$ cat input_32.cif   # mmCIF, C-alpha atoms
data_coords
#
loop_
_atom_site.label_atom_id
_atom_site.label_comp_id
_atom_site.auth_asym_id
_atom_site.auth_seq_id
_atom_site.Cartn_x
_atom_site.Cartn_y
_atom_site.Cartn_z
CA MET H 1 -6.88 -31.42 -18.87
CA SER H 2 -3.62 -31.53 -16.87
CA LEU H 3 -3.38 -31.80 -13.09
CA LEU H 4 -2.17 -28.21 -12.82
CA GLN H 5 -5.14 -26.97 -14.83
CA ILE H 6 -7.50 -28.89 -12.58
CA VAL H 7 -5.89 -27.41 -9.48
CA ARG H 8 -5.90 -23.88 -10.93
CA ARG H 9 -9.58 -24.19 -11.82
CA SER H 10 -10.41 -25.39 -8.33
CA LEU H 11 -8.50 -22.54 -6.70
CA ARG H 12 -10.39 -20.05 -8.86
CA GLN H 13 -13.73 -21.61 -7.99
CA HIS H 14 -12.96 -21.21 -4.28
CA LEU H 15 -11.08 -17.92 -4.62
CA LEU H 16 -12.23 -16.32 -1.36
CA SER H 17 -11.31 -19.28 0.84
CA THR H 18 -8.03 -19.67 -1.09
CA VAL H 19 -7.05 -16.04 -0.45
CA ILE H 20 -8.01 -16.12 3.23
CA THR H 21 -6.18 -19.39 3.83
CA ALA H 22 -3.09 -18.27 1.90
CA PHE H 23 -3.06 -15.04 3.91
CA SER H 24 -3.07 -17.06 7.14
CA ILE H 25 -0.09 -19.03 5.89
CA ALA H 26 1.62 -15.77 4.84
CA LEU H 27 1.05 -14.23 8.26
CA ALA H 28 2.45 -17.28 10.03
CA SER H 29 5.48 -17.57 7.75
CA GLY H 30 6.24 -13.83 7.79
CA LEU H 31 5.84 -13.57 11.55
CA LEU H 32 8.04 -16.60 12.19
CA MET H 33 10.81 -15.33 9.87
CA SER H 34 10.73 -11.77 11.22
CA VAL H 35 10.74 -12.82 14.90
CA TRP H 36 13.67 -15.14 14.24
CA VAL H 37 15.67 -12.61 12.19
CA VAL H 38 15.03 -9.62 14.47
CA LYS H 39 16.17 -11.57 17.50
CA ASP H 40 19.23 -13.02 15.76
CA GLN H 41 20.39 -9.77 14.17
CA ALA H 42 19.59 -7.59 17.17
CA GLU H 43 21.49 -9.91 19.52
CA ARG H 44 24.54 -10.05 17.24
CA LYS H 45 24.60 -6.32 16.56
CA PHE H 46 23.89 -5.17 20.10
CA MET H 47 26.54 -7.50 21.49
CA GLY H 48 28.93 -6.34 18.77
CA VAL H 49 28.59 -2.69 19.77
CA ASP H 50 31.09 -1.57 22.38
CA SER H 51 32.19 1.73 20.77
CA GLY H 52 35.71 0.33 20.77
CA PHE H 53 35.91 -0.04 24.55
CA ASP H 54 36.26 -3.02 26.86
CA ALA H 55 34.27 -1.74 29.82
CA VAL H 56 32.46 1.15 31.44
CA VAL H 57 33.29 2.54 34.88
CA GLY H 58 30.60 4.47 36.68
CA PRO H 59 29.07 5.23 40.05
CA PRO H 60 27.94 2.38 42.33
CA GLY H 61 24.93 0.56 40.96
CA SER H 62 23.77 -2.02 38.43
CA LYS H 63 26.04 -2.81 35.50
CA LEU H 64 23.36 -3.07 32.81
CA PRO H 65 21.91 0.45 33.23
CA LEU H 66 25.48 1.79 33.29
CA VAL H 67 26.28 0.20 29.92
CA LEU H 68 22.93 1.24 28.44
CA ASN H 69 23.60 4.80 29.56
CA ALA H 70 27.22 5.12 28.43
CA ILE H 71 27.25 2.95 25.29
CA PHE H 72 23.68 3.02 23.99
CA HIS H 73 22.55 6.37 25.48
CA LEU H 74 19.28 4.83 26.65
CA GLU H 75 19.36 5.17 30.43
CA SER H 76 20.09 7.97 32.87
CA SER H 77 22.48 8.10 35.80
CA GLU H 78 21.34 9.26 39.21
CA ARG H 79 24.87 9.57 40.55
CA ASN H 80 28.22 10.67 39.12
CA LEU H 81 31.92 10.09 39.57
CA SER H 82 34.31 12.81 40.67
CA TRP H 83 36.99 14.07 38.32
CA GLU H 84 39.56 12.60 40.67
CA GLN H 85 37.98 9.17 40.28
CA TYR H 86 38.14 9.52 36.51
CA GLU H 87 41.83 10.45 36.74
CA ALA H 88 42.47 7.45 38.98
CA VAL H 89 40.87 5.17 36.37
CA ALA H 90 42.82 6.83 33.55
CA ALA H 91 46.09 6.40 35.45
CA HIS H 92 45.50 2.71 36.22
CA PRO H 93 48.36 0.60 34.81
CA LYS H 94 45.92 -1.80 33.10
CA VAL H 95 44.08 1.01 31.29
CA ARG H 96 45.21 2.12 27.83
CA THR H 97 42.55 4.78 27.17
CA ALA H 98 39.90 6.34 29.39
CA VAL H 99 37.27 8.66 27.95
CA PRO H 100 35.06 10.55 30.41
CA LEU H 101 31.40 11.22 29.56
CA ALA H 102 29.12 13.91 30.93
CA LEU H 103 25.38 13.64 30.30
CA GLY H 104 22.36 15.70 31.19
CA ASP H 105 21.29 17.85 28.24
CA ASN H 106 19.56 17.41 24.89
CA TYR H 107 18.63 19.14 21.67
CA TYR H 108 15.10 18.32 20.51
CA GLY H 109 15.29 15.00 22.33
CA TYR H 110 18.72 13.97 21.04
CA ARG H 111 21.34 13.70 23.76
CA LEU H 112 24.30 16.00 24.14
CA VAL H 113 27.29 14.02 25.34
CA GLY H 114 30.21 15.89 26.84
CA VAL H 115 33.43 14.10 25.95
CA THR H 116 37.16 14.62 25.52
CA THR H 117 38.68 14.60 22.05
CA ASN H 118 40.58 11.36 22.66
CA LEU H 119 37.30 9.60 21.80
CA PHE H 120 38.11 10.30 18.16
CA GLY H 121 41.37 8.38 18.43
CA VAL H 122 39.67 5.10 19.41
CA GLU H 123 38.63 2.50 16.83
CA TYR H 124 34.91 1.87 17.37
CA ARG H 125 35.30 -1.05 14.96
CA ASP H 126 38.47 -2.73 13.69
CA GLY H 127 40.22 -0.26 11.41
CA GLU H 128 37.51 2.40 11.77
CA LYS H 129 37.57 5.51 13.95
CA TYR H 130 34.99 8.18 14.64
CA ASP H 131 35.56 10.86 12.02
CA VAL H 132 33.78 13.87 10.56
CA GLN H 133 32.58 14.28 7.00
CA ASP H 134 34.47 16.45 4.53
CA GLY H 135 34.19 20.14 5.25
CA GLY H 136 34.09 19.79 9.03
CA TYR H 137 36.41 19.25 11.94
CA VAL H 138 36.35 17.93 15.51
CA PHE H 139 35.34 20.48 18.15
CA ARG H 140 37.99 22.30 20.15
CA PRO H 141 37.94 21.49 23.88
CA ASP H 142 37.78 25.14 24.94
CA LYS H 143 35.10 26.25 22.47
CA LYS H 144 31.31 26.01 22.33
CA GLN H 145 31.42 23.66 19.37
CA ALA H 146 29.74 20.38 18.51
CA VAL H 147 30.11 17.30 16.30
CA VAL H 148 26.69 16.01 15.31
CA GLY H 149 25.95 12.31 14.80
CA SER H 150 24.89 11.45 11.25
CA PHE H 151 21.39 10.30 12.27
CA VAL H 152 20.75 13.47 14.27
CA ALA H 153 21.98 15.63 11.38
CA GLU H 154 19.71 13.73 9.00
CA ARG H 155 16.65 14.09 11.23
CA LEU H 156 17.15 17.70 12.29
CA GLY H 157 18.72 18.99 9.08
CA LEU H 158 21.83 20.24 10.86
CA LYS H 159 24.93 21.13 8.86
CA VAL H 160 28.37 22.59 9.47
CA GLY H 161 28.08 26.21 10.61
CA ASP H 162 24.61 25.87 12.14
CA LYS H 163 24.04 27.18 15.67
CA PHE H 164 21.78 25.79 18.38
CA HIS H 165 20.79 26.20 22.04
CA PRO H 166 21.03 23.06 24.24
CA TYR H 167 18.07 22.15 26.46
CA HIS H 168 18.40 20.97 30.04
CA GLY H 169 17.59 17.34 30.84
CA LEU H 170 17.43 14.23 28.69
CA THR H 171 13.83 14.89 27.61
CA PHE H 172 13.05 17.86 25.37
CA ASP H 173 11.20 20.70 27.10
CA GLU H 174 10.99 24.10 25.40
CA SER H 175 11.04 25.89 28.74
CA GLU H 176 14.44 24.37 29.62
CA LYS H 177 16.53 26.15 26.97
CA HIS H 178 20.10 27.02 27.97
CA ALA H 179 21.52 30.44 27.15
CA GLU H 180 24.68 29.02 25.56
CA ILE H 181 24.90 28.81 21.79
CA TYR H 182 26.88 26.00 20.16
CA ILE H 183 28.12 25.92 16.59
CA VAL H 184 28.30 22.74 14.52
CA THR H 185 31.88 22.17 13.38
CA GLY H 186 31.41 18.71 11.94
CA ILE H 187 28.92 16.01 10.96
CA MET H 188 30.10 12.57 11.97
CA LYS H 189 30.48 9.95 9.27
CA PRO H 190 27.82 7.21 9.65
CA THR H 191 28.96 4.43 11.96
CA ASN H 192 25.73 2.41 12.39
CA THR H 193 26.27 2.64 16.15
CA PRO H 194 24.47 4.54 18.92
CA GLY H 195 27.04 7.31 18.37
CA ASP H 196 25.05 8.38 15.31
CA ARG H 197 22.18 9.43 17.59
CA VAL H 198 23.99 11.92 19.81
CA ILE H 199 25.60 15.35 19.63
CA TRP H 200 29.17 15.40 20.92
CA ILE H 201 30.44 18.54 22.68
CA PRO H 202 33.48 19.35 24.87
CA ILE H 203 33.05 17.84 28.33
CA LYS H 204 33.86 21.11 30.07
CA GLY H 205 31.10 22.77 28.09
CA LEU H 206 28.48 20.40 29.43
CA GLN H 207 29.90 20.36 32.95
CA ASN H 208 29.79 24.14 33.17
CA MET H 209 26.51 24.70 31.34
CA GLU H 210 24.42 27.49 32.83
CA GLY H 211 21.80 26.15 35.22
CA HIS H 212 23.77 23.05 36.21
CA LYS H 213 24.72 22.46 39.81
CA ALA H 214 28.12 23.76 40.87
CA GLU H 215 29.40 20.27 41.66
CA SER H 216 28.69 19.19 38.06
CA SER H 217 31.78 21.07 36.93
CA THR H 218 33.96 18.41 38.55
CA GLU H 219 31.85 15.30 37.87
CA VAL H 220 31.51 12.78 35.07
CA SER H 221 28.62 10.42 34.37
CA ALA H 222 30.79 7.48 33.32
CA VAL H 223 34.19 6.54 31.93
CA LEU H 224 34.67 4.46 28.79
CA VAL H 225 37.69 2.22 29.31
CA LYS H 226 39.97 0.48 26.84
CA LEU H 227 42.30 -1.95 28.55
CA ILE H 228 45.83 -2.91 27.57
CA SER H 229 44.40 -6.40 27.04
CA LYS H 230 40.80 -7.65 27.07
CA THR H 231 41.94 -10.52 29.29
CA LEU H 232 42.46 -8.03 32.12
CA ALA H 233 38.72 -7.35 32.48
CA PRO H 234 38.06 -10.03 35.16
CA SER H 235 40.88 -8.76 37.38
CA MET H 236 39.71 -5.16 36.94
CA ASP H 237 36.20 -6.26 37.83
CA LYS H 238 37.39 -7.79 41.09
CA GLN H 239 39.64 -4.88 41.93
CA ILE H 240 37.11 -2.07 41.36
CA ASN H 241 33.84 -3.73 42.31
CA LYS H 242 35.20 -4.88 45.67
CA GLN H 243 36.24 -1.45 46.87
CA GLY H 244 33.16 -1.11 49.03
CA GLY H 245 30.70 0.56 46.67
CA VAL H 246 33.02 3.31 45.45
CA MET H 247 32.72 2.62 41.70
CA THR H 248 31.22 0.02 39.34
CA PHE H 249 33.23 -1.73 36.63
CA ALA H 250 30.95 -3.10 33.89
CA GLY H 251 32.73 -5.35 31.45
CA PRO H 252 33.22 -7.08 29.17
CA ILE H 253 30.48 -5.03 27.53
CA ALA H 254 29.16 -7.90 25.38
CA MET H 255 28.50 -10.00 28.49
CA ILE H 256 26.55 -7.16 30.08
CA VAL H 257 24.48 -6.57 26.93
CA ALA H 258 23.69 -10.30 26.79
CA GLN H 259 21.59 -9.80 29.92
CA ILE H 260 19.08 -7.82 27.84
CA PHE H 261 18.40 -10.81 25.62
CA ASN H 262 18.19 -13.14 28.59
CA LYS H 263 15.44 -10.92 29.93
CA ILE H 264 13.45 -10.81 26.68
CA ALA H 265 13.93 -14.50 25.84
CA PRO H 266 10.49 -15.47 27.26
CA MET H 267 8.79 -12.81 25.12
CA GLU H 268 10.62 -14.02 22.04
CA MET H 269 9.52 -17.60 22.78
CA ILE H 270 5.92 -16.43 23.13
CA LEU H 271 6.07 -14.69 19.73
CA ARG H 272 7.48 -17.84 18.13
CA CYS H 273 4.74 -19.92 19.69
CA VAL H 274 2.15 -17.46 18.38
CA ALA H 275 3.63 -17.82 14.88
CA VAL H 276 3.48 -21.63 15.13
CA LEU H 277 -0.12 -21.48 16.37
CA VAL H 278 -1.08 -19.22 13.46
CA ALA H 279 0.55 -21.73 11.11
CA LEU H 280 -1.42 -24.60 12.66
CA VAL H 281 -4.66 -22.63 12.41
CA ALA H 282 -3.85 -21.85 8.76
CA ALA H 283 -3.20 -25.53 8.09
CA GLY H 284 -6.50 -26.33 9.76
CA SER H 285 -8.26 -23.83 7.53
CA ILE H 286 -6.74 -25.50 4.44
CA LEU H 287 -8.02 -28.84 5.66
CA ALA H 288 -11.49 -27.47 6.45
CA SER H 289 -11.75 -25.49 3.22
CA ILE H 290 -10.90 -28.40 0.92
CA TYR H 291 -12.70 -31.02 3.00
CA ASN H 292 -15.93 -29.03 3.03
CA SER H 293 -15.76 -28.65 -0.74
CA MET H 294 -15.56 -32.40 -1.25
CA ASN H 295 -19.37 -32.80 -1.23
CA GLU H 296 -19.62 -30.27 -4.09
CA ARG H 297 -16.84 -32.00 -6.01
CA ARG H 298 -17.92 -35.64 -5.73
CA ARG H 299 -19.46 -35.70 -9.22
CA GLU H 300 -16.40 -33.93 -10.66
CA ILE H 301 -14.15 -36.53 -9.05
CA ALA H 302 -16.39 -39.35 -10.31
CA ILE H 303 -16.19 -37.99 -13.87
CA LEU H 304 -12.40 -37.82 -13.64
CA ARG H 305 -12.35 -41.43 -12.48
CA ALA H 306 -14.72 -42.47 -15.27
CA LEU H 307 -12.42 -40.78 -17.80
CA GLY H 308 -9.55 -42.95 -16.62
CA ALA H 309 -8.04 -41.10 -13.71
CA ARG H 310 -6.69 -43.44 -11.05
CA ARG H 311 -7.46 -43.14 -7.37
CA GLY H 312 -3.85 -42.09 -6.80
CA THR H 313 -4.23 -39.33 -9.37
CA VAL H 314 -7.30 -37.94 -7.60
CA PHE H 315 -5.46 -38.21 -4.28
CA GLY H 316 -2.51 -36.31 -5.78
CA VAL H 317 -4.75 -33.56 -7.17
CA VAL H 318 -6.06 -32.74 -3.71
CA ILE H 319 -2.58 -32.83 -2.14
CA LEU H 320 -1.33 -30.59 -4.96
CA GLU H 321 -4.18 -28.16 -4.35
CA SER H 322 -3.47 -27.87 -0.62
CA SER H 323 0.25 -27.56 -1.33
CA SER H 324 -0.44 -24.82 -3.89
CA ILE H 325 -2.31 -22.80 -1.29
CA ALA H 326 0.64 -23.25 1.08
CA VAL H 327 3.09 -22.16 -1.65
CA LEU H 328 1.06 -19.03 -2.38
CA GLY H 329 0.98 -18.27 1.34
CA ALA H 330 4.70 -18.92 1.78
CA LEU H 331 5.56 -16.58 -1.09
CA ALA H 332 3.25 -13.90 0.29
CA GLY H 333 4.94 -14.52 3.64
CA PHE H 334 8.04 -12.75 2.32
CA VAL H 335 5.92 -9.63 1.75
CA VAL H 336 4.72 -9.84 5.36
CA TYR H 337 8.30 -10.46 6.50
CA PHE H 338 9.71 -7.42 4.70
CA ILE H 339 6.93 -5.17 6.00
CA ILE H 340 7.57 -6.26 9.59
CA MET H 341 11.36 -6.13 9.19
CA PHE H 342 11.50 -2.67 7.63
CA VAL H 343 9.24 -1.29 10.36
CA ALA H 344 11.28 -3.04 13.07
CA ALA H 345 14.61 -1.91 11.54
CA TRP H 346 13.36 1.68 11.32
CA TYR H 347 12.17 1.66 14.93
CA ILE H 348 15.34 0.06 16.33
CA ARG H 349 17.57 2.46 14.40
CA THR H 350 15.51 5.43 15.59
CA GLU H 351 15.60 4.36 19.23
CA THR H 352 19.07 2.85 19.52
CA GLY H 353 21.15 3.65 16.44
CA ILE H 354 21.60 -0.06 15.73
CA VAL H 355 20.97 -0.87 12.07
CA LEU H 356 19.33 -4.16 11.08
CA ASP H 357 19.50 -5.51 7.53
CA PRO H 358 16.15 -6.93 6.33
CA LEU H 359 17.86 -8.29 3.21
CA GLU H 360 20.49 -10.32 5.08
CA PRO H 361 20.06 -14.03 4.15
CA GLN H 362 19.05 -16.28 7.03
CA TRP H 363 18.38 -20.02 7.16
CA VAL H 364 14.91 -19.33 8.52
CA MET H 365 14.04 -17.81 5.13
CA LEU H 366 14.50 -21.28 3.66
CA TRP H 367 13.15 -23.64 6.27
CA ALA H 368 10.12 -21.57 7.34
CA PRO H 369 8.53 -21.53 3.83
CA LEU H 370 9.42 -25.21 3.40
CA ALA H 371 7.75 -25.94 6.75
CA MET H 372 4.63 -24.12 5.52
CA LEU H 373 4.68 -26.25 2.36
CA VAL H 374 4.96 -29.48 4.34
CA LEU H 375 2.21 -28.31 6.69
CA GLY H 376 -0.03 -27.52 3.71
CA ALA H 377 0.60 -30.93 2.17
CA LEU H 378 -0.19 -32.67 5.47
CA ALA H 379 -3.40 -30.64 5.78
CA GLY H 380 -4.50 -32.04 2.42
CA LEU H 381 -4.21 -35.68 3.50
CA VAL H 382 -7.68 -35.95 5.07
CA PRO H 383 -9.64 -34.42 2.16
CA ALA H 384 -7.39 -36.35 -0.25
CA ALA H 385 -8.33 -39.58 1.49
CA LYS H 386 -12.01 -38.66 1.15
CA ALA H 387 -11.52 -37.97 -2.56
CA TYR H 388 -9.65 -41.27 -2.88
CA SER H 389 -12.60 -43.22 -1.48
CA THR H 390 -15.25 -41.48 -3.60
CA ASN H 391 -17.75 -43.99 -5.06
CA VAL H 392 -17.73 -43.47 -8.83
CA ALA H 393 -21.03 -45.18 -9.69
CA ALA H 394 -22.99 -43.46 -6.94
CA ASN H 395 -21.80 -39.98 -7.90
CA LEU H 396 -21.92 -40.08 -11.69
CA ILE H 397 -25.69 -39.53 -11.73
CA SER H 398 -26.55 -35.84 -11.27
CA SER H 399 -28.52 -35.17 -8.11
CA SER H 400 -30.69 -32.69 -10.08
#

$ encode --input "input_32.cif" --output "structure tokens"
Amino acid sequence: MSLLQIVRRSLRQHLLSTVITAFSIALASGLLMSVWVVKDQAERKFMGVDSGFDAVVGPPGSKLPLVLNAIFHLESSERNLSWEQYEAVAAHPKVRTAVPLALGDNYYGYRLVGVTTNLFGVEYRDGEKYDVQDGGYVFRPDKKQAVVGSFVAERLGLKVGDKFHPYHGLTFDESEKHAEIYIVTGIMKPTNTPGDRVIWIPIKGLQNMEGHKAESSTEVSAVLVKLISKTLAPSMDKQINKQGGVMTFAGPIAMIVAQIFNKIAPMEMILRCVAVLVALVAAGSILASIYNSMNERRREIAILRALGARRGTVFGVVILESSSIAVLGALAGFVVYFIIMFVAAWYIRTETGIVLDPLEPQWVMLWAPLAMLVLGALAGLVPAAKAYSTNVAANLISSS
């Protein structure tokens, strides 16, 4: 009988403990890989999203909520800028493009963003501009028309030619329906950015929506700014942010977004520690499971020795058994990883428009399973040592 056959027979004999222990290893490995990958991909992709702009200018306040509101459409703004302030920003000699945004309405929970058509002339990614799918066109500034983000169109089943009523506020409330009717003139091509989660309409349409305050017709929520050169951001920051609380310049956008991950770093560390603790507990269960079975297997070990097996061979059998459990757990860990990742990717895309790739290769997918294998092998050392020291003569005689 080969060593592998001996190990396979032992795993079958202790099937329940093998499955439970392997599941613990799988949970630890899958959790560790998913926490690592979600954090790494989310940080890279969030910091890589700037919609093609270098900064956001908004009313006085904190920079992070301003960026979350204007770029990721996640926050709300309590104050606005005047149209004159927008024009001053647009006319600044260091500014190449300025796109005003007006927020405050939704359609079934998806935000309506009032914007000027020059948004569609900006590259949101190198060589790529916002564009509509075949059969549609960009709204006209003086019409009640809309370009629907691809994710919104997918979720709500909207298509070119459909009509809809906007709802007041950023949260859907059936009693807050506006009288205006908008027609969909285009479905935006997928961009894998937060822009996929909004409905774009002419800024004047949102500013003058029925039920809005009169002053809203001359206000904007924020201004997306593309500078002549990215290197000008620090000087713009000093110039605008030191005007005595008139406006806020938030840029570079990546530096502002990095604050999010600085805030959640402790939580990420806790999750990693939990994964490591689960791995240690799983290793402990391997040790306990095999060690406790040694009393039952003393005669089996003695027979192997009597048939010519060396002490080192017996030692190796036990190490191989514990390593096999770890291998099974590490392989199953990829199932746990993909389950967690697909759920996390779905949730993040739904809430932010950022798309994670569960299939993207990461180094953690190599070293985490290998770490589980090493941990499993180490867990087998104690029971292997007990098997190594088994007294052959004393255990050959059946206790029955």

$ atom_distance --input "input_32.cif" --atom1 "CA of Leu81 in chain H" --atom2 "CA of Lys242 in chain H"
16.5 Å

$ resolve_selection --input "input_32.cif" --expression "the PyMOL selection byres ((chain H and resi 368-383) around 8)" --output "JSON, numbers by chain"
{"H": [25, 29, 32, 33, 279, 280, 283, 284, 286, 287, 290, 291, 294, 318, 319, 320, 321, 322, 323, 325, 326, 327, 330, 331, 333, 364, 365, 366, 367, 384, 385, 386, 387]}

$ residues_around --input "input_32.cif" --residues "range 261-268 of chain H" --least-positions-apart "4" --cutoff "12 Å" --atoms "all atoms listed in the file" --output "PyMOL selection string"
chain H and resi 31-32+34-47+64+254-257+272-275

$ closest_residue --input "input_32.cif" --among "H:Gly48, H:Gly104, H:Gly186, H:Pro141" --to "Arg125 in chain H" --atoms "all atoms listed in the file"
H:Gly48

$ closest_residue --input "input_32.cif" --among "H:Met188, H:Leu156, H:Met236, H:Val147" --to "Trp200 in chain H" --atoms "only C-alpha atoms"
H:Val147
